[in-house]
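Peer 1: This is the structure I have questions about; it appears just below.
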Amino acid sequence: MIDSDILKIGSYSFSSRLLVGTGKYKDLKETGEAIKESGAEVVTVALRRTNIGQNPEEENLLDVIDPNHYTILPNTAGCYDADAAIRTCRLARELLNGHRLVKLEVLTHNNNLLPNMHETINAAKILVNDGFEVMVYCTDDIESCIELDDIGCVAIMPLASPIGTGIGISNPEKIKKIISSCSKPVIVDAGIGAPSDAVMAMELGCDGVLMNTAIAAADNPILMASAMKDAVISGRKGFLAGRMKKQKLASPSSPTEGIID
């Protein structure tokens, strides 16, 4: 069953439910190796911080991340208002020959990197009307997630905990409510630190997990990429299988009928 379990985001379809970033690696070689090991098909790129052709004299990330093999997901990291985010998405569309899939993130402050939901919602409305397929980084506020869903964003991406902290999922019950309230895929974004966090996200019913620091900041990023790949697959299988119900009292695992006294 897992082989045909396809993740659909807007007009795109993916076999892998692990999405990865490209920042914080020691060099482009390690970036390419880790992403390959992760099995991810979607690779997000901070256009304001990473060269994908806008600076011809610099190393180009696309030399190790082949856009013919991966779906490049430009993101608006480093934007603190709707106008900057909209300009960044339009630049990405120009650089990537009309590419419409983008990750929108508009931040409140450089110290906490939390989403500015007012500016995020304003930018989402304009970008959707402009023909973009918007995957949106947001808080775990249920009403905001529903509004972004209604606007027409193709994926809702609530944070597990603040970006780069590795704390894991701070509010699992909120994530579950977002999943049940939204019609679009829900992908946990930010705060994942260990494979167990990724398993938890998938067992909650998330459609996918996006991470960067958890892999790039590991002692062995290549091995961690492989571990995260396995974690997402395992968590998804566990969710599809349906876990046993929790019970207050012990229950024997062996049959009690026909016991010889």
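Chain labels A, B, ... are given in the sequence in which chains occur in the structure tokens; within each chain residues are numbered consecutively from 1, and ligands are likewise numbered from 1 in the order shown.
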Can you list, as number ranges by chain, every protein, DNA or RNA residue that comes within 12 Å of Asn212 of chain A when you count only C-alpha atoms, leaving out same-chain residues fewer than 2 positions away?
Peer 2: A: 18-25, 31, 34-35, 38, 40, 43-46, 163-166, 189-194, 209-210, 214-218, 221, 224-225, 228
Peer 1: DSSP says alpha helix (DSSP H) for which residues of segment 9-168 of chain A? Put them as number ranges by chain?
Peer 2: A: 28-38, 82-95, 117-129, 142-151
Peer 1: Write the residues you've just listed into a file as a tab-separated table (two decimals), in the first residue's frame, and include N, CA and C atoms for each of them.
Peer 2:
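Generated output (again-v3.tsv):
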chain	number	residue	atom	x	y	z
A	28	LEU	N	28.74	22.65	-0.81
A	28	LEU	CA	27.73	22.16	-1.76
A	28	LEU	C	27.81	20.66	-1.96
A	29	LYS	N	29.01	20.09	-1.86
A	29	LYS	CA	29.15	18.64	-2.01
A	29	LYS	C	28.35	17.91	-0.95
A	30	GLU	N	28.50	18.33	0.31
A	30	GLU	CA	27.75	17.70	1.39
A	30	GLU	C	26.25	17.93	1.21
A	31	THR	N	25.88	19.11	0.76
A	31	THR	CA	24.47	19.40	0.49
A	31	THR	C	23.88	18.38	-0.47
A	32	GLY	N	24.57	18.19	-1.59
A	32	GLY	CA	24.08	17.26	-2.60
A	32	GLY	C	24.01	15.83	-2.10
A	33	GLU	N	25.01	15.40	-1.34
A	33	GLU	CA	25.05	14.02	-0.85
A	33	GLU	C	23.93	13.77	0.17
A	34	ALA	N	23.72	14.73	1.07
A	34	ALA	CA	22.69	14.55	2.09
A	34	ALA	C	21.30	14.52	1.46
A	35	ILE	N	21.06	15.40	0.52
A	35	ILE	CA	19.75	15.45	-0.11
A	35	ILE	C	19.49	14.18	-0.91
A	36	LYS	N	20.50	13.68	-1.57
A	36	LYS	CA	20.34	12.42	-2.29
A	36	LYS	C	20.00	11.29	-1.33
A	37	GLU	N	20.69	11.24	-0.19
A	37	GLU	CA	20.47	10.17	0.78
A	37	GLU	C	19.09	10.26	1.43
A	38	SER	N	18.54	11.47	1.50
A	38	SER	CA	17.24	11.66	2.14
A	38	SER	C	16.08	11.07	1.33
A	82	ALA	N	4.91	41.52	3.38
A	82	ALA	CA	4.28	40.88	2.23
A	82	ALA	C	4.93	41.32	0.92
A	83	ASP	N	5.25	42.59	0.78
A	83	ASP	CA	5.81	43.10	-0.48
A	83	ASP	C	7.12	42.41	-0.83
A	84	ALA	N	7.99	42.23	0.16
A	84	ALA	CA	9.28	41.58	-0.09
A	84	ALA	C	9.07	40.12	-0.50
A	85	ALA	N	8.14	39.46	0.16
A	85	ALA	CA	7.87	38.06	-0.17
A	85	ALA	C	7.31	37.91	-1.58
A	86	ILE	N	6.43	38.80	-1.96
A	86	ILE	CA	5.83	38.75	-3.30
A	86	ILE	C	6.90	38.99	-4.37
A	87	ARG	N	7.77	39.97	-4.15
A	87	ARG	CA	8.85	40.24	-5.10
A	87	ARG	C	9.77	39.03	-5.24
A	88	THR	N	10.07	38.37	-4.12
A	88	THR	CA	10.96	37.21	-4.14
A	88	THR	C	10.34	36.06	-4.93
A	89	CYS	N	9.06	35.83	-4.76
A	89	CYS	CA	8.38	34.76	-5.51
A	89	CYS	C	8.36	35.06	-7.00
A	90	ARG	N	8.17	36.30	-7.35
A	90	ARG	CA	8.15	36.66	-8.77
A	90	ARG	C	9.53	36.54	-9.39
A	91	LEU	N	10.58	36.85	-8.62
A	91	LEU	CA	11.94	36.65	-9.10
A	91	LEU	C	12.20	35.17	-9.33
A	92	ALA	N	11.75	34.33	-8.39
A	92	ALA	CA	11.94	32.88	-8.54
A	92	ALA	C	11.25	32.37	-9.79
A	93	ARG	N	10.07	32.87	-10.06
A	93	ARG	CA	9.35	32.44	-11.26
A	93	ARG	C	10.13	32.81	-12.52
A	94	GLU	N	10.76	33.96	-12.49
A	94	GLU	CA	11.56	34.39	-13.64
A	94	GLU	C	12.82	33.55	-13.79
A	95	LEU	N	13.50	33.28	-12.67
A	95	LEU	CA	14.74	32.51	-12.72
A	95	LEU	C	14.51	31.06	-13.13
A	117	MET	N	1.61	36.46	10.79
A	117	MET	CA	0.43	35.93	10.12
A	117	MET	C	-0.34	37.00	9.34
A	118	HIS	N	-0.34	38.22	9.81
A	118	HIS	CA	-1.03	39.29	9.07
A	118	HIS	C	-0.40	39.48	7.70
A	119	GLU	N	0.92	39.60	7.67
A	119	GLU	CA	1.62	39.79	6.39
A	119	GLU	C	1.59	38.52	5.54
A	120	THR	N	1.65	37.37	6.19
A	120	THR	CA	1.59	36.09	5.47
A	120	THR	C	0.27	35.96	4.73
A	121	ILE	N	-0.83	36.24	5.40
A	121	ILE	CA	-2.16	36.13	4.79
A	121	ILE	C	-2.31	37.12	3.65
A	122	ASN	N	-1.84	38.35	3.84
A	122	ASN	CA	-1.91	39.35	2.76
A	122	ASN	C	-1.12	38.90	1.54
A	123	ALA	N	0.09	38.38	1.76
A	123	ALA	CA	0.92	37.91	0.64
A	123	ALA	C	0.28	36.71	-0.04
A	124	ALA	N	-0.28	35.80	0.74
A	124	ALA	CA	-0.90	34.60	0.17
A	124	ALA	C	-2.03	34.96	-0.77
A	125	LYS	N	-2.86	35.91	-0.40
A	125	LYS	CA	-3.98	36.32	-1.25
A	125	LYS	C	-3.48	36.81	-2.61
A	126	ILE	N	-2.45	37.64	-2.60
A	126	ILE	CA	-1.93	38.21	-3.84
A	126	ILE	C	-1.25	37.15	-4.69
A	127	LEU	N	-0.45	36.30	-4.06
A	127	LEU	CA	0.28	35.28	-4.82
A	127	LEU	C	-0.66	34.25	-5.44
A	128	VAL	N	-1.68	33.83	-4.71
A	128	VAL	CA	-2.65	32.88	-5.27
A	128	VAL	C	-3.37	33.51	-6.45
A	129	ASN	N	-3.75	34.77	-6.32
A	129	ASN	CA	-4.41	35.47	-7.43
A	129	ASN	C	-3.48	35.67	-8.61
A	142	ILE	N	-5.24	27.59	14.61
A	142	ILE	CA	-6.16	26.86	13.75
A	142	ILE	C	-6.92	27.79	12.82
A	143	GLU	N	-7.41	28.92	13.33
A	143	GLU	CA	-8.19	29.83	12.49
A	143	GLU	C	-7.36	30.39	11.34
A	144	SER	N	-6.10	30.71	11.61
A	144	SER	CA	-5.22	31.21	10.54
A	144	SER	C	-4.99	30.14	9.48
A	145	CYS	N	-4.82	28.89	9.92
A	145	CYS	CA	-4.61	27.80	8.98
A	145	CYS	C	-5.84	27.59	8.10
A	146	ILE	N	-7.01	27.67	8.69
A	146	ILE	CA	-8.25	27.54	7.92
A	146	ILE	C	-8.37	28.67	6.91
A	147	GLU	N	-8.02	29.89	7.31
A	147	GLU	CA	-8.08	31.02	6.39
A	147	GLU	C	-7.13	30.83	5.21
A	148	LEU	N	-5.92	30.35	5.47
A	148	LEU	CA	-4.97	30.11	4.39
A	148	LEU	C	-5.46	29.01	3.45
A	149	ASP	N	-6.09	28.01	4.02
A	149	ASP	CA	-6.70	26.94	3.23
A	149	ASP	C	-7.78	27.53	2.32
A	150	ASP	N	-8.65	28.36	2.89
A	150	ASP	CA	-9.74	28.97	2.12
A	150	ASP	C	-9.22	29.91	1.03
A	151	ILE	N	-8.11	30.57	1.28
A	151	ILE	CA	-7.52	31.47	0.28
A	151	ILE	C	-7.12	30.70	-0.97
Peer 1: Between atom CA of Leu114 of chain A and atom CA of Glu133 of chain A, what is the spacing in Å?
Peer 2: 22.0 Å
Peer 1: Name the closest residue to Ser13 of chain A among the candidates A:Val42, A:Met244, A:Ile72, A:Leu107; distances are taken between atoms, counting only C-alpha atoms.
Peer 2: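 Looking at the shortest contact to Ser13 of chain A, the residue is A:Val42.
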Peer 1: When distances are computed from only C-alpha atoms, which of A:Pro115, A:Gly152, A:Pro56, A:Gly242 shows the smallest separation from Tyr80 of chain A?
Peer 2: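 For Tyr80 of chain A, the nearest of the candidates is A:Pro115.
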Peer 1: Rounded to one decimal, what separation in Å do you get between atom CA of Val199 of chain A and atom CA of Ser251 of chain A?
Peer 2: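 So the two atoms, atom CA of Val199 of chain A and atom CA of Ser251 of chain A, lie 26.0 Å apart.
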Peer 1: What does the distance between atom CA of Val186 of chain A and atom CA of Arg243 of chain A come to in Å, to one decimal place?
Peer 2: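 Atom-to-atom, atom CA of Val186 of chain A and atom CA of Arg243 of chain A are spaced 20.2 Å apart.
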Peer 1: What are the DSSP strand (DSSP E) residues of segment 87-240 of chain A, as a tab-separated table (two decimals) with all heavy atoms, in the first residue's frame?
Peer 2:
chain	number	residue	atom	x	y	z
A	101	LEU	N	5.36	26.86	-8.14
A	101	LEU	CA	5.30	26.32	-6.78
A	101	LEU	C	6.31	27.05	-5.89
A	101	LEU	O	7.51	27.03	-6.16
A	101	LEU	CB	5.59	24.82	-6.79
A	101	LEU	CG	5.43	24.09	-5.45
A	101	LEU	CD1	3.97	24.05	-5.03
A	101	LEU	CD2	6.00	22.67	-5.54
A	102	VAL	N	5.82	27.68	-4.81
A	102	VAL	CA	6.69	28.44	-3.91
A	102	VAL	C	6.31	28.16	-2.47
A	102	VAL	O	5.18	27.76	-2.16
A	102	VAL	CB	6.60	29.96	-4.17
A	102	VAL	CG1	7.14	30.32	-5.55
A	102	VAL	CG2	5.16	30.46	-4.00
A	103	LYS	N	7.28	28.38	-1.59
A	103	LYS	CA	7.01	28.33	-0.16
A	103	LYS	C	7.04	29.76	0.38
A	103	LYS	O	8.07	30.43	0.33
A	103	LYS	CB	8.03	27.46	0.57
A	103	LYS	CG	7.79	27.42	2.08
A	103	LYS	CD	8.96	26.79	2.81
A	103	LYS	CE	8.84	27.07	4.29
A	103	LYS	NZ	10.05	26.69	5.04
A	104	LEU	N	5.90	30.18	0.91
A	104	LEU	CA	5.77	31.52	1.45
A	104	LEU	C	6.07	31.52	2.94
A	104	LEU	O	5.48	30.75	3.69
A	104	LEU	CB	4.34	32.04	1.21
A	104	LEU	CG	3.96	33.35	1.89
A	104	LEU	CD1	4.80	34.51	1.37
A	104	LEU	CD2	2.46	33.62	1.71
A	133	GLU	N	1.28	28.55	-6.91
A	133	GLU	CA	0.85	27.47	-6.04
A	133	GLU	C	1.63	27.65	-4.75
A	133	GLU	O	2.84	27.41	-4.70
A	133	GLU	CB	1.11	26.11	-6.68
A	133	GLU	CG	0.31	25.91	-7.97
A	133	GLU	CD	0.43	24.49	-8.51
A	133	GLU	OE1	0.14	23.54	-7.76
A	133	GLU	OE2	0.82	24.34	-9.68
A	134	VAL	N	0.93	28.08	-3.71
A	134	VAL	CA	1.57	28.56	-2.49
A	134	VAL	C	1.52	27.53	-1.37
A	134	VAL	O	0.44	27.15	-0.90
A	134	VAL	CB	0.91	29.88	-2.01
A	134	VAL	CG1	1.60	30.39	-0.74
A	134	VAL	CG2	0.97	30.93	-3.11
A	135	MET	N	2.69	27.09	-0.96
A	135	MET	CA	2.84	26.31	0.27
A	135	MET	C	3.23	27.32	1.35
A	135	MET	O	4.18	28.09	1.15
A	135	MET	CB	3.91	25.24	0.10
A	135	MET	CG	3.62	24.27	-1.03
A	135	MET	SD	4.98	23.10	-1.38
A	135	MET	CE	5.02	22.17	0.16
A	136	VAL	N	2.51	27.33	2.47
A	136	VAL	CA	2.65	28.47	3.38
A	136	VAL	C	3.08	28.05	4.78
A	136	VAL	O	2.44	27.23	5.43
A	136	VAL	CB	1.34	29.30	3.41
A	136	VAL	CG1	0.15	28.45	3.83
A	136	VAL	CG2	1.49	30.52	4.29
A	137	TYR	N	4.19	28.63	5.23
A	137	TYR	CA	4.70	28.47	6.59
A	137	TYR	C	3.86	29.34	7.52
A	137	TYR	O	3.65	30.53	7.25
A	137	TYR	CB	6.16	28.88	6.63
A	137	TYR	CG	6.78	29.00	8.01
A	137	TYR	CD1	6.88	27.90	8.85
A	137	TYR	CD2	7.31	30.22	8.44
A	137	TYR	CE1	7.47	28.01	10.10
A	137	TYR	CE2	7.92	30.34	9.69
A	137	TYR	CZ	7.99	29.23	10.52
A	137	TYR	OH	8.57	29.35	11.74
A	138	CYS	N	3.38	28.75	8.62
A	138	CYS	CA	2.46	29.49	9.47
A	138	CYS	C	2.57	29.02	10.92
A	138	CYS	O	3.24	28.04	11.23
A	138	CYS	CB	1.02	29.33	8.98
A	138	CYS	SG	0.49	27.60	8.80
A	155	ALA	N	-0.70	23.93	0.34
A	155	ALA	CA	-0.25	23.16	1.50
A	155	ALA	C	-0.14	24.10	2.69
A	155	ALA	O	0.32	25.23	2.56
A	155	ALA	CB	1.10	22.48	1.24
A	156	ILE	N	-0.60	23.62	3.83
A	156	ILE	CA	-0.54	24.37	5.08
A	156	ILE	C	0.63	23.81	5.88
A	156	ILE	O	0.70	22.60	6.12
A	156	ILE	CB	-1.86	24.25	5.87
A	156	ILE	CG1	-3.06	24.54	4.96
A	156	ILE	CG2	-1.83	25.15	7.09
A	156	ILE	CD1	-3.04	25.90	4.31
A	157	MET	N	1.54	24.70	6.35
A	157	MET	CA	2.80	24.24	6.93
A	157	MET	C	3.02	24.85	8.32
A	157	MET	O	3.85	25.75	8.50
A	157	MET	CB	3.95	24.57	5.99
A	157	MET	CG	3.73	24.04	4.58
A	157	MET	SD	5.07	24.44	3.43
A	157	MET	CE	6.33	23.32	4.00
A	158	PRO	N	2.29	24.36	9.32
A	158	PRO	CA	2.48	24.90	10.68
A	158	PRO	C	3.81	24.46	11.27
A	158	PRO	O	4.31	23.37	11.00
A	158	PRO	CB	1.31	24.27	11.45
A	158	PRO	CG	1.03	22.99	10.73
A	158	PRO	CD	1.29	23.28	9.28
A	187	ILE	N	1.77	19.92	6.31
A	187	ILE	CA	3.17	19.51	6.36
A	187	ILE	C	3.84	20.25	7.51
A	187	ILE	O	3.91	21.48	7.49
A	187	ILE	CB	3.87	19.81	5.03
A	187	ILE	CG1	3.21	19.02	3.90
A	187	ILE	CG2	5.37	19.51	5.12
A	187	ILE	CD1	3.69	19.40	2.52
A	188	VAL	N	4.32	19.52	8.50
A	188	VAL	CA	5.00	20.16	9.62
A	188	VAL	C	6.31	20.77	9.13
A	188	VAL	O	7.09	20.12	8.43
A	188	VAL	CB	5.25	19.17	10.76
A	188	VAL	CG1	6.36	19.66	11.67
A	188	VAL	CG2	3.98	18.96	11.57
A	189	ASP	N	6.53	22.02	9.50
A	189	ASP	CA	7.69	22.76	9.01
A	189	ASP	C	8.34	23.48	10.18
A	189	ASP	O	7.69	24.28	10.85
A	189	ASP	CB	7.23	23.76	7.95
A	189	ASP	CG	8.38	24.57	7.37
A	189	ASP	OD1	9.53	24.22	7.60
A	189	ASP	OD2	8.09	25.56	6.68
A	208	GLY	N	3.27	15.28	5.47
A	208	GLY	CA	4.70	15.31	5.20
A	208	GLY	C	5.42	16.11	6.26
A	208	GLY	O	4.81	16.70	7.17
A	209	VAL	N	6.75	16.15	6.15
A	209	VAL	CA	7.60	16.90	7.07
A	209	VAL	C	8.66	17.62	6.26
A	209	VAL	O	9.26	17.02	5.35
A	209	VAL	CB	8.29	15.96	8.09
A	209	VAL	CG1	9.20	16.76	9.02
A	209	VAL	CG2	7.27	15.19	8.90
A	210	LEU	N	8.88	18.89	6.56
A	210	LEU	CA	9.97	19.64	5.94
A	210	LEU	C	10.99	19.96	7.01
A	210	LEU	O	10.65	20.40	8.11
A	210	LEU	CB	9.45	20.94	5.30
A	210	LEU	CG	10.48	21.67	4.41
A	210	LEU	CD1	9.78	22.45	3.32
A	210	LEU	CD2	11.39	22.61	5.20
A	211	MET	N	12.26	19.72	6.70
A	211	MET	CA	13.32	20.00	7.67
A	211	MET	C	14.61	20.39	6.95
A	211	MET	O	14.82	20.07	5.78
A	211	MET	CB	13.57	18.76	8.54
A	211	MET	CG	14.14	17.57	7.80
A	211	MET	SD	14.38	16.13	8.85
A	211	MET	CE	12.70	15.58	9.09
